[in-house]
Every structure is written in C-alpha cells, then in structure tokens.
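Engineer: Before anything else, here's the structure in question.
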Amino acid sequence: MWGNTIGNEGAKAFAEALKNHPSLTNLSLSLNGISTEGGRSLAAALKENTSVHIFWLVQNEFNDEVANCFAETVKVNSGLTHLWLIENKITAKGARMLADALPQNKSLKEICLKGNILTEEEEKSFSHEERLRFN
C-alpha cells in the first residue's frame with residue numbers, strides 16, 4: 001500500500017481491519033498522507049494485534065502526538081519487531097517518548113526515526129538506546 005494516498009480515512013479503515021487480522025505480519029502504509037487522526041487509529045489497533053511484526057509508516061505526517069500513541073503501543077505489543085517512522089514530523093520530544101517505552105518491550109528490535117525533525121545533537125543524545133535508529 002505504498003504511495004496510495006489513503007489519508008486518515010483509509011488509515012482508520014486499515015486500523016479496523018488490523019484489529020481482527022491474525023495472519024498479517026508485514027504492512028507498509030508509507031507515503032499515504034496519514035496524519036494525527038490516522039496515526040492514532042493505527043497505533044491503537046496495534047495494541048490489539050500482535051501478528052504484525054514489521055510496520056512501515058515512512059513519509060507520512062506523524063507528529064509527537066502520534067509518536068506518543070506508538071510509544072503506548074510499544075509498551076504492550078509483544079509481536080512488533082520493527083517500526084519505521086522515517087521522514088515524518090517527529091521531534092526530540094516524540095523520540096524521547098518512544099525511547100522511554102522501549103525498556104518495557106523485549107521483542108522490538110528497532111524503531112527507525114531517520115529524517116524526522118531532530119538536530120544531529122538531539123539524535124546523538126539517544127546514542128545509548130541501540131534500538132532507536134536515526135540512520
């Protein structure tokens with residue numbers, strides 16, 4: 001579903017489907033014009049779905065509010081192994097929320113935040129958290 005411009009309405013529809021889909025393991029909703037409303041719905045759906053292991057959400061319009069929603073999901077989802085939030089609108093505040101959630105999740109191998117709104121210095125401040133990547 002890369003680049004289909006599904007927007008928030010499409011993201012909400014995917015979120016509903018995710019809640020009851022026990023066999024989907026990889027999903028890309030990258031480059032789809034999804035912003036806060038759709039991001040919140042997707043994060044909430046992942047709280048109920050532990051079959052998705054890899055989730056690409058590259059080049060959408062996610063901000064720190066969405067990062068916080070995914071941080072809450074990270075705390076409870078034991079199936080997700082890779083979460084790519086590359087080239088969104090997440091700042092150091094959102095990155096901090098995600099980093100703070102990681103100790104509660106042993107299955108997640110990485111969250112990639114490359115190309116978000118962080119300075120090089122801000123990115124370096126997360127160097128102790130190996131599962132949070134910026135490159």
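Labeling convention for the structure tokens: chains A, B, ... as they appear, residues from 1 per chain, ligands from 1 in order of appearance.
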Would you mind listing what lies within 6 Å of Lys89 (chain A) as a PDB file with C-alpha atoms, in the first residue's frame, with only C-alpha atoms counted and same-chain residues fewer than 3 positions away left out?
Structural biologist:
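Once written, out.pdb looks like this:
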```pdb
ATOM      1  CA  GLU A  61       2.718  13.383   8.537  1.00  0.00           C
ATOM      2  CA  PHE A  62       3.115  11.936  12.034  1.00  0.00           C
ATOM      3  CA  ASN A  63       3.952  14.351  14.833  1.00  0.00           C
ATOM      4  CA  ASN A 116      12.500  13.429  11.280  1.00  0.00           C
ATOM      5  CA  ILE A 117      12.823  16.873  12.879  1.00  0.00           C
TER       6      ILE A 117
END
```
Engineer: Extract, using only C-alpha atoms, all DNA, RNA and protein residues at most 10 Å from region 97-108 of chain A, discarding same-chain residues fewer than 3 positions from it, and format them as a ChimeraX atom specification.
Structural biologist: /A:53-54,64-65,67-83,92-94,111,113,126,128-132
Engineer: Can you pull out every residue within 7 Å of Ala45 (chain A), counting only C-alpha atoms, but drop anything in the same chain fewer than 6 positions away, and send it as a PyMOL selection string?
Structural biologist: chain A and resi 15-16+18-19
Engineer: Closest to Leu42 (chain A) among A:His21, A:Gln59, A:Ala13, A:Leu118, using only C-alpha atoms?
Structural biologist: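 The answer is A:Ala13, which sits nearest to Leu42 (chain A).
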Engineer: Could you tell me how far CA of Ile6 (chain A) lies from CA of Glu110 (chain A), in Å and to one decimal?
Structural biologist: 25.6 Å
Engineer: Have a look at A:Arg133, A:Phe14, A:Met1, A:Ala95 and name the one nearest to Ala43 (chain A); count only C-alpha atoms.
Structural biologist: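 With only C-alpha atoms as the atom set, the closest residue is A:Phe14.
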Engineer: Excluding Lys114 (chain A) and residues on its chain fewer than 4 positions from it, collect all residues at most 9 Å away from it, counting only C-alpha atoms, and give them as a list of chain:residue names.
Structural biologist: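 The residues satisfying every condition are A:Trp84, A:Leu85, A:Ile86, A:Glu87, A:Asn88, A:Arg133, A:Phe134, A:Asn135.
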Engineer: Just list as an MDAnalysis selection string whatever in region 27-112 of chain A DSSP marks as helix (DSSP H, G or I).
Structural biologist: chainID A and resid 36:48 64:76 92:104
Engineer: Just C-alpha atoms for this one: save the residues we selected as a compact mmCIF listing (two decimals), in the first residue's frame.
Structural biologist:
```txt
# COMPACT_ATOMS: atom_id res chain seq x y z
CA THR A 36 -2.50 12.58 13.51
CA GLU A 37 -6.00 11.12 13.35
CA GLY A 38 -4.99 8.15 11.22
CA GLY A 39 -1.80 7.61 13.20
CA ARG A 40 -3.72 7.45 16.47
CA SER A 41 -6.06 4.83 14.98
CA LEU A 42 -3.21 2.68 13.69
CA ALA A 43 -1.34 2.80 16.99
CA ALA A 44 -4.49 1.83 18.89
CA ALA A 45 -5.12 -1.09 16.52
CA LEU A 46 -1.61 -2.42 17.11
CA LYS A 47 -2.38 -2.68 20.80
CA GLU A 48 -4.81 -5.46 19.85
CA ASP A 64 4.85 13.94 18.52
CA GLU A 65 1.24 13.13 19.43
CA VAL A 66 1.36 10.13 17.11
CA ALA A 67 4.80 9.20 18.47
CA ASN A 68 3.26 9.16 21.94
CA CYS A 69 0.45 6.88 20.73
CA PHE A 70 3.01 4.48 19.27
CA ALA A 71 5.04 4.68 22.49
CA GLU A 72 1.97 3.48 24.40
CA THR A 73 1.57 0.68 21.84
CA VAL A 74 5.23 -0.32 22.19
CA LYS A 75 4.67 -0.80 25.93
CA VAL A 76 2.03 -3.50 25.38
CA ALA A 92 13.15 15.05 20.02
CA LYS A 93 10.13 15.08 22.34
CA GLY A 94 8.44 12.29 20.37
CA ALA A 95 11.70 10.37 20.08
CA ARG A 96 12.06 10.58 23.88
CA MET A 97 8.59 9.10 24.39
CA LEU A 98 9.43 6.20 22.08
CA ALA A 99 12.81 5.64 23.73
CA ASP A 100 11.22 5.65 27.19
CA ALA A 101 8.79 2.92 26.09
CA LEU A 102 11.49 0.55 24.82
CA PRO A 103 12.55 -0.93 28.20
CA GLN A 104 9.02 -2.35 28.54
```
Engineer: Determine, counting only C-alpha atoms, which protein, DNA and RNA residues have an atom within 9 Å of an atom of Thr5 (chain A); residues of the same chain fewer than 2 positions away are not included. Present the result as a VMD selection string.
Structural biologist: chain A and resid 1 to 3 7 10 30 to 34
Engineer: From a DSSP calculation on the backbone, collect every residue of region 31-108 of chain A in strand (DSSP E or B) and output the set as a CSV table (one decimal) with N, CA, C and O atoms, in the first residue's frame.
Structural biologist:
```csv
chain,number,residue,atom,x,y,z
A,54,ILE,N,6.4,-6.3,11.3
A,54,ILE,CA,7.1,-5.1,10.6
A,54,ILE,C,6.1,-4.2,10.1
A,54,ILE,O,5.2,-4.5,9.3
A,55,PHE,N,6.2,-2.9,10.5
A,55,PHE,CA,5.3,-1.9,10.1
A,55,PHE,C,6.0,-0.7,9.6
A,55,PHE,O,6.8,0.0,10.3
A,56,TRP,N,5.9,-0.4,8.3
A,56,TRP,CA,6.5,0.7,7.6
A,56,TRP,C,5.5,1.9,7.6
A,56,TRP,O,4.4,1.7,7.0
A,82,HIS,N,9.8,-4.4,14.2
A,82,HIS,CA,10.4,-3.3,13.5
A,82,HIS,C,9.3,-2.3,13.3
A,82,HIS,O,8.2,-2.6,12.7
A,83,LEU,N,9.5,-1.0,13.6
A,83,LEU,CA,8.6,0.1,13.4
A,83,LEU,C,9.4,1.2,12.7
A,83,LEU,O,10.3,1.7,13.3
A,84,TRP,N,9.1,1.5,11.5
A,84,TRP,CA,9.8,2.5,10.8
A,84,TRP,C,8.9,3.7,10.6
A,84,TRP,O,7.9,3.7,9.9
```
Engineer: Using only C-alpha atoms, can you tell me which of A:Asn49, A:Ser125, A:Thr119, A:Thr91 comes closest to Pro22 (chain A)?
Structural biologist: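 Using only C-alpha atoms, Pro22 (chain A) sits closest to A:Asn49.
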Engineer: Pick from A:Val52, A:Val58, A:Ile90, A:Cys112: nearest to Leu24 (chain A), with only C-alpha atoms counted?
Structural biologist: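 Answer, going by the shortest atom-to-atom distance: A:Val52.
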Engineer: Between CA of Leu29 (chain A) and CA of Glu121 (chain A), what is the spacing in Å?
Structural biologist: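 Separation between CA of Glu121 (chain A) and CA of Leu29 (chain A): 29.5 Å.
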